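This is upload-v8.txt (compact mmCIF, C-alpha atoms).
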```
# COMPACT_ATOMS: atom_id res chain seq x y z
CA MET A 1 75.43 82.24 112.21
CA ALA A 2 72.58 80.74 114.12
CA TYR A 3 74.12 81.70 117.43
CA GLU A 4 73.91 85.40 116.81
CA ARG A 5 70.31 85.24 115.74
CA SER A 6 69.19 83.41 118.82
CA GLU A 7 71.17 85.83 120.94
CA SER A 8 69.62 88.92 119.40
CA THR A 9 66.04 87.72 119.43
CA GLY A 10 66.43 86.59 123.01
CA ALA A 11 68.13 89.84 124.02
CA GLY A 12 68.56 88.31 127.46
CA ASP A 13 69.32 90.48 130.43
CA GLY A 14 72.91 91.25 131.26
CA ALA A 15 73.97 90.76 127.67
CA ASP A 16 76.19 93.78 128.02
CA THR A 17 78.23 92.21 130.76
CA SER A 18 78.56 88.71 129.34
CA ALA A 19 79.41 89.62 125.75
CA LEU A 20 83.12 90.12 125.27
CA ALA A 21 84.90 91.53 122.27
CA LEU A 22 88.66 91.49 121.82
CA LYS A 23 90.60 93.69 119.49
CA ILE A 24 93.65 92.84 117.43
CA LEU A 25 95.39 95.36 115.23
CA VAL A 26 96.98 94.59 111.90
CA ALA A 27 99.68 97.11 111.06
CA GLY A 28 102.43 97.48 108.49
CA GLY A 29 103.41 99.55 105.51
CA PHE A 30 101.22 100.50 102.59
CA GLY A 31 100.32 97.60 100.33
CA VAL A 32 101.84 94.93 102.53
CA GLY A 33 98.61 92.92 102.72
CA LYS A 34 96.80 94.17 105.83
CA THR A 35 93.36 94.12 104.26
CA THR A 36 94.15 90.80 102.60
CA LEU A 37 95.01 89.24 105.94
CA VAL A 38 91.92 90.65 107.61
CA GLY A 39 89.79 89.34 104.74
CA ALA A 40 91.40 85.89 104.80
CA VAL A 41 90.48 85.16 108.40
CA SER A 42 87.33 87.21 108.85
CA GLU A 43 83.94 85.53 108.75
CA ILE A 44 82.38 88.69 107.41
CA ARG A 45 83.59 90.48 104.34
CA PRO A 46 86.04 93.13 105.49
CA LEU A 47 84.06 96.18 106.40
CA ARG A 48 85.27 99.67 106.07
CA THR A 49 84.67 102.35 108.61
CA GLU A 50 85.52 105.94 108.03
CA GLU A 51 86.46 108.72 110.30
CA GLN A 52 86.11 112.27 109.15
CA LEU A 53 88.87 114.49 110.29
CA SER A 54 88.57 118.17 110.42
CA ARG A 55 90.64 120.16 112.90
CA ALA A 56 92.87 117.28 113.86
CA GLY A 57 93.73 116.57 110.27
CA GLU A 58 94.41 120.16 109.43
CA LEU A 59 97.50 120.21 111.59
CA VAL A 60 99.22 117.56 109.53
CA ASP A 61 97.51 117.90 106.19
CA ASP A 62 99.03 120.34 103.79
CA THR A 63 95.90 122.26 102.99
CA GLY A 64 97.74 125.22 101.51
CA GLY A 65 96.14 126.33 98.27
CA VAL A 66 93.16 124.08 98.75
CA ASP A 67 90.84 126.34 100.65
CA GLN A 68 87.81 124.09 100.32
CA LYS A 69 89.39 121.07 101.87
CA THR A 70 88.48 121.08 105.52
CA THR A 71 87.95 117.39 106.09
CA THR A 72 89.96 114.29 105.38
CA THR A 73 88.57 110.80 105.45
CA VAL A 74 90.56 107.98 106.97
CA ALA A 75 89.37 104.47 106.34
CA MET A 76 89.97 101.47 108.52
CA ASP A 77 89.25 97.96 107.36
CA PHE A 78 88.07 95.47 109.87
CA GLY A 79 86.84 91.93 110.19
CA ARG A 80 85.33 89.69 112.83
CA ILE A 81 85.83 86.16 114.04
CA THR A 82 83.19 84.72 116.36
CA ILE A 83 84.80 82.33 118.79
CA ARG A 84 81.51 81.50 120.43
CA SER A 85 78.31 83.29 121.21
CA GLY A 86 79.37 86.26 123.30
CA LEU A 87 83.07 86.09 122.50
CA SER A 88 84.36 87.60 119.32
CA LEU A 89 87.62 88.82 117.94
CA TYR A 90 87.77 92.02 115.91
CA LEU A 91 90.63 92.69 113.56
CA PHE A 92 91.44 96.24 112.56
CA GLY A 93 93.74 97.13 109.72
CA THR A 94 95.43 100.31 110.90
CA PRO A 95 95.58 103.28 108.55
CA GLY A 96 98.81 102.98 106.62
CA GLN A 97 99.86 106.58 106.53
CA ASP A 98 102.13 107.79 109.29
CA ARG A 99 100.20 110.99 109.69
CA PHE A 100 97.28 109.10 111.16
CA TRP A 101 99.19 107.97 114.21
CA PHE A 102 96.70 109.60 116.51
CA LEU A 103 94.09 107.15 115.28
CA TRP A 104 96.37 104.31 116.29
CA ASP A 105 96.26 105.58 119.85
CA GLU A 106 92.54 105.10 119.91
CA LEU A 107 92.67 101.79 118.14
CA SER A 108 95.32 100.39 120.43
CA GLN A 109 93.38 101.26 123.60
CA GLY A 110 92.52 97.96 125.17
CA ALA A 111 93.89 95.96 122.25
CA LEU A 112 94.91 92.41 122.99
CA GLY A 113 97.87 92.74 120.65
CA ALA A 114 99.01 93.48 117.15
CA VAL A 115 100.25 91.81 114.02
CA VAL A 116 102.93 93.76 112.18
CA LEU A 117 102.97 92.63 108.58
CA ALA A 118 106.32 92.90 106.86
CA ASP A 119 107.56 92.56 103.31
CA THR A 120 111.23 91.60 103.16
CA ARG A 121 111.69 93.72 100.05
CA ARG A 122 110.62 96.81 101.99
CA LEU A 123 111.37 95.90 105.54
CA GLU A 124 111.80 99.52 106.60
CA ASP A 125 108.10 100.13 105.97
CA CYS A 126 107.23 98.31 109.14
CA PHE A 127 109.76 100.10 111.37
CA PRO A 128 107.23 102.70 112.55
CA ALA A 129 104.75 100.02 113.56
CA VAL A 130 107.39 98.02 115.42
CA ASP A 131 108.53 101.16 117.22
CA TYR A 132 105.00 102.10 118.09
CA PHE A 133 104.06 98.81 119.71
CA GLU A 134 107.41 98.33 121.45
CA HIS A 135 107.11 101.79 122.92
CA ARG A 136 103.62 101.21 124.25
CA LYS A 137 104.36 97.69 125.42
CA ILE A 138 101.60 96.24 123.30
CA PRO A 139 102.33 92.58 122.52
CA PHE A 140 102.94 92.04 118.82
CA VAL A 141 104.19 89.45 116.40
CA VAL A 142 105.91 90.20 113.12
CA ALA A 143 104.32 88.29 110.26
CA VAL A 144 106.45 88.19 107.15
CA ASN A 145 104.14 88.09 104.17
CA CYS A 146 105.95 85.84 101.74
CA PHE A 147 105.30 87.45 98.40
CA THR A 148 106.07 85.30 95.42
CA GLY A 149 109.24 86.52 93.83
CA ALA A 150 110.66 87.94 97.03
CA ARG A 151 113.78 86.27 98.34
CA THR A 152 112.91 84.22 101.35
CA TYR A 153 114.61 84.97 104.61
CA GLY A 154 114.44 82.98 107.81
CA ALA A 155 112.50 84.27 110.79
CA HIS A 156 115.80 84.75 112.60
CA ASP A 157 117.19 87.02 109.87
CA VAL A 158 114.09 89.18 109.98
CA SER A 159 114.20 89.34 113.75
CA ARG A 160 117.84 90.52 113.61
CA ALA A 161 117.20 93.00 110.82
CA LEU A 162 114.36 94.55 112.80
CA ASP A 163 116.35 94.45 116.03
CA LEU A 164 113.38 92.96 117.84
CA ASP A 165 113.31 92.37 121.56
CA ARG A 166 114.11 88.80 122.43
CA GLY A 167 110.99 86.70 122.47
CA THR A 168 109.02 88.74 119.95
CA PRO A 169 107.74 86.06 117.58
CA VAL A 170 108.42 86.26 113.86
CA VAL A 171 106.14 84.15 111.70
CA LEU A 172 106.38 83.54 107.97
CA CYS A 173 102.94 83.67 106.42
CA ASP A 174 100.85 84.02 103.32
CA ALA A 175 98.34 86.76 104.01
CA ARG A 176 95.93 85.35 101.42
CA ASP A 177 95.73 81.99 103.13
CA ARG A 178 93.19 81.46 105.88
CA ASP A 179 95.12 78.78 107.74
CA SER A 180 98.29 80.79 107.57
CA GLY A 181 96.46 83.83 108.93
CA LYS A 182 94.94 81.75 111.71
CA GLU A 183 98.39 80.54 112.70
CA VAL A 184 99.61 84.14 112.94
CA LEU A 185 96.72 85.03 115.23
CA ILE A 186 97.25 81.97 117.40
CA ARG A 187 100.93 82.87 117.84
CA LEU A 188 99.91 86.40 118.79
CA VAL A 189 97.33 85.33 121.37
CA GLU A 190 99.78 82.85 122.90
CA TYR A 191 102.44 85.53 123.06
CA ALA A 192 100.05 88.11 124.53
CA GLY A 193 99.18 85.59 127.24
CA ARG A 194 102.85 85.00 128.08
CA MET A 195 103.55 88.74 128.17
CA HIS A 196 100.65 89.35 130.47
CA THR A 197 101.67 86.61 132.88
CA ALA A 198 105.23 87.92 132.93
CA ARG A 199 103.98 91.40 133.73
CA LEU A 200 101.81 90.14 136.54
CA LEU A 201 104.80 88.34 138.03
CA ASP A 202 106.89 91.50 137.68
CA SER A 203 104.32 93.57 139.49
CA VAL A 204 104.24 91.07 142.36
CA GLY A 205 107.99 90.57 142.67
CA MET B 1 79.44 121.07 86.08
CA ASN B 2 81.11 123.06 83.28
CA ASP B 3 81.79 126.20 85.18
CA ASP B 4 84.72 127.15 83.00
CA SER B 5 82.46 128.01 80.04
CA GLY B 6 81.57 131.38 81.44
CA GLY B 7 84.85 132.19 83.12
CA GLU B 8 84.09 135.77 84.09
CA ARG B 9 81.28 134.82 86.47
CA PRO B 10 82.48 133.69 89.90
CA SER B 11 80.54 130.63 90.99
CA VAL B 12 78.05 131.48 93.67
CA PRO B 13 78.29 129.09 96.60
CA GLY B 14 75.36 126.69 96.56
CA SER B 15 74.55 127.29 92.93
CA GLN B 16 76.15 124.15 91.51
CA TRP B 17 74.50 120.82 90.92
CA TYR B 18 76.10 117.79 92.40
CA ASP B 19 76.07 114.17 91.34
CA ALA B 20 76.77 111.10 93.44
CA GLU B 21 80.51 111.54 93.04
CA ALA B 22 80.41 114.74 94.99
CA GLY B 23 79.59 112.67 98.07
CA PRO B 24 76.71 113.06 100.47
CA LEU B 25 74.78 116.28 100.19
CA VAL B 26 74.21 116.45 103.90
CA ARG B 27 77.35 117.18 105.83
CA PRO B 28 77.92 114.34 108.29
CA TYR B 29 77.73 116.41 111.44
CA ALA B 30 74.50 118.04 110.30
CA MET B 31 72.87 114.77 111.37
CA THR B 32 74.10 115.37 114.88
CA GLY B 33 73.07 119.00 114.99
CA GLY B 34 76.71 119.99 114.84
CA ARG B 35 77.66 118.00 117.92
CA THR B 36 80.95 116.16 117.67
CA LYS B 37 80.85 114.44 121.07
CA PRO B 38 78.19 112.26 122.66
CA GLY B 39 75.85 113.99 125.10
CA PRO B 40 76.17 114.88 128.80
CA SER B 41 76.65 111.30 130.01
CA ASN B 42 80.05 111.53 128.32
CA VAL B 43 80.34 107.90 127.36
CA ARG B 44 83.32 106.92 125.29
CA PHE B 45 82.25 104.45 122.64
CA ASP B 46 85.14 102.18 121.83
CA LEU B 47 85.13 100.82 118.27
CA ILE B 48 84.44 97.36 119.62
CA ALA B 49 81.93 98.41 122.28
CA LEU B 50 78.89 96.22 121.69
CA VAL B 51 75.51 97.85 121.30
CA VAL B 52 72.41 95.98 122.44
CA VAL B 53 68.81 97.11 122.23
CA ASP B 54 67.35 97.81 125.64
CA ASP B 55 64.88 95.28 127.03
CA GLU B 56 62.43 97.99 127.93
CA PRO B 57 62.76 100.63 125.24
CA PRO B 58 60.67 103.80 125.20
CA GLY B 59 57.35 103.51 123.38
CA PRO B 60 56.60 104.03 119.70
CA ALA B 61 55.67 107.64 120.36
CA GLU B 62 59.22 108.46 121.42
CA GLU B 63 60.63 106.40 118.62
CA ALA B 64 58.65 108.41 116.09
CA LEU B 65 60.53 111.49 117.22
CA LEU B 66 63.89 110.01 116.25
CA GLY B 67 65.70 111.14 113.13
CA PRO B 68 66.21 108.79 110.18
CA GLU B 69 69.84 108.06 111.07
CA HIS B 70 68.94 107.25 114.65
CA ARG B 71 66.27 104.92 113.39
CA SER B 72 68.51 103.14 110.91
CA LEU B 73 71.06 102.55 113.68
CA LEU B 74 68.32 101.18 115.89
CA THR B 75 67.18 98.85 113.11
CA LEU B 76 70.72 97.54 112.73
CA CYS B 77 71.03 96.95 116.48
CA ARG B 78 67.74 95.07 116.51
CA ALA B 79 68.91 92.71 113.80
CA GLU B 80 72.04 91.70 115.69
CA THR B 81 74.23 92.80 118.59
CA GLN B 82 76.89 94.82 116.85
CA SER B 83 80.06 96.70 117.55
CA VAL B 84 80.28 100.44 117.02
CA ALA B 85 82.62 99.83 114.07
CA GLU B 86 80.16 97.49 112.38
CA LEU B 87 77.30 99.90 112.91
CA ALA B 88 79.30 102.69 111.31
CA ALA B 89 80.18 100.53 108.33
CA ASP B 90 76.64 99.22 107.84
CA ALA B 91 75.00 102.61 108.27
CA ASP B 92 77.66 104.10 106.00
CA LEU B 93 78.34 106.91 108.43
CA PRO B 94 81.62 108.17 109.89
CA VAL B 95 82.43 106.68 113.27
CA GLY B 96 82.42 110.09 114.92
CA VAL B 97 78.85 110.70 113.82
CA VAL B 98 77.72 107.25 114.91
CA ARG B 99 79.17 107.87 118.36
CA VAL B 100 77.08 110.99 118.81
CA LEU B 101 73.92 109.31 117.54
CA LEU B 102 74.48 106.29 119.77
CA GLY B 103 74.94 108.64 122.70
CA ASP B 104 71.44 109.97 122.02
CA LEU B 105 70.00 106.47 121.78
CA LEU B 106 71.72 105.51 125.01
CA GLU B 107 70.46 108.52 126.89
CA SER B 108 66.91 108.06 125.73
CA GLY B 109 67.05 104.42 126.77
CA PHE B 110 66.82 102.70 123.40
CA VAL B 111 70.13 100.88 123.65
CA ARG B 112 72.69 99.68 126.13
CA VAL B 113 76.41 99.60 125.51
CA SER B 114 79.06 97.24 126.82
CA ARG B 115 82.00 99.02 128.38
CA PRO B 116 85.33 98.10 126.87
CA VAL B 117 87.39 95.98 129.21
CA PRO B 118 90.27 97.88 130.83
CA PRO B 119 93.54 96.65 129.33
CA ALA B 120 95.01 95.60 132.67
CA GLN B 121 92.44 92.89 133.20
CA LEU B 122 91.99 92.03 129.56
CA PRO B 123 93.80 88.80 128.86
CA ASP B 124 92.17 86.42 131.31
CA GLU B 125 94.07 83.20 130.73
CA ARG B 126 90.92 81.12 130.44
CA ILE B 127 89.54 83.39 127.75
CA LEU B 128 92.81 83.44 125.82
CA ARG B 129 92.82 79.66 125.87
CA GLU B 130 89.30 79.72 124.53
CA VAL B 131 90.32 82.11 121.76
CA ILE B 132 93.26 79.93 120.74
CA ASP B 133 91.14 76.78 120.69
CA GLY B 134 88.45 78.62 118.80
CA LEU B 135 90.93 79.81 116.18
CA ARG B 136 92.32 76.31 115.77
CA ALA B 137 88.82 74.95 115.25
CA LEU B 138 87.93 77.45 112.52
```

Is it possible to express this structure as structure tokens?
Amino acid sequence: MAYERSESTGAGDGADTSALALKILVAGGFGVGKTTLVGAVSEIRPLRTEEQLSRAGELVDDTGGVDQKTTTTVAMDFGRITIRSGLSLYLFGTPGQDRFWFLWDELSQGALGAVVLADTRRLEDCFPAVDYFEHRKIPFVVAVNCFTGARTYGAHDVSRALDLDRGTPVVLCDARDRDSGKEVLIRLVEYAGRMHTARLLDSVG
Amino acid sequence: MNDDSGGERPSVPGSQWYDAEAGPLVRPYAMTGGRTKPGPSNVRFDLIALVVVDDEPPGPAEEALLGPEHRSLLTLCRAETQSVAELAADADLPVGVVRVLLGDLLESGFVRVSRPVPPAQLPDERILREVIDGLRAL
């Protein structure tokens, strides 16, 4: 990426005001393909960042009988897409386990939107994510990862089964495929834009 | 390793040998002197906050006083403007630790940090258009 190099060596003034990073979350149940999707669209190999939990984790972790265990490590996978020099998109795969909800709160701060990955064989796995984003009014799309061997359902069926708000896009995708992943992100950004405009109008009217 | 051979002797803390699988020998927050939050300036480093090296950093004398983890973060920032998440992954340190260390670097004037955009003003339509076009062009 020649752009980044020139930017860093130049280290021009005001770089901290002109550079913009946007955040998109990828949520869904365990093993639904979150890391796969992040990896398919990211220009860097998915990186893994870890957060060590101590007191916060103790409240939800069953540490009974394991006196030594005072920390838990939660990993988040993430990737990056550079749109242009100074504008990049970061994708974060949210920790799958429900007990790490409090990390979602931090992740979702200032997020542009979210992709909820769903597997039609285990649709209920994505209920918590759908609830979470609906509740916090964070724009999201549901991307149905079409696993081979799974019966295919139409977007409409999935939308009904999840009882989504009208307008929430449902996209069928293949999380391994770059173009398919791109399409999911495009639908999300378009939808986030519409939601934002609607909210602005609401606040005026 | 084979503590069970002499079962009657309780293992004395600190007496065992560890291999790589036991994880890092230095507890993560030892690198921060036990601090879990960035210093007095109380900055909140978002995961996607971008860290840039300062144009006029303190001299080599001050830099020599930095710890090894501070220095490795600084080296990473010099190579490329990076997000807090990337720095944590590349330095192989927990995000919480990196936040504290970055707070030190910020206070001593080695780096600058972009503030995350408040959500209310985030999706500027022009920028979203740019993102969509950019994604299509990938």

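Separating CA of Ala85 in chain B from CA of Tyr191 in chain A is a distance of 26.0 Å.
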
(message) With only C-alpha atoms considered, list every residue of chain B at most 9 Å from chain A, as a ChimeraX atom specification.
(response) /B:28,46-55,77-81,83,85-90,92-97,112-120,122-125,127-136,138

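If you look at CA of Gly29 in chain A and CA of Asp165 in chain A, they are 20.2 Å away from each other.
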
(request) Could you jot down the CA of Val26 in chain A to CA of Gly93 in chain A separation for me, Å, one decimal place? (result) 4.7 Å
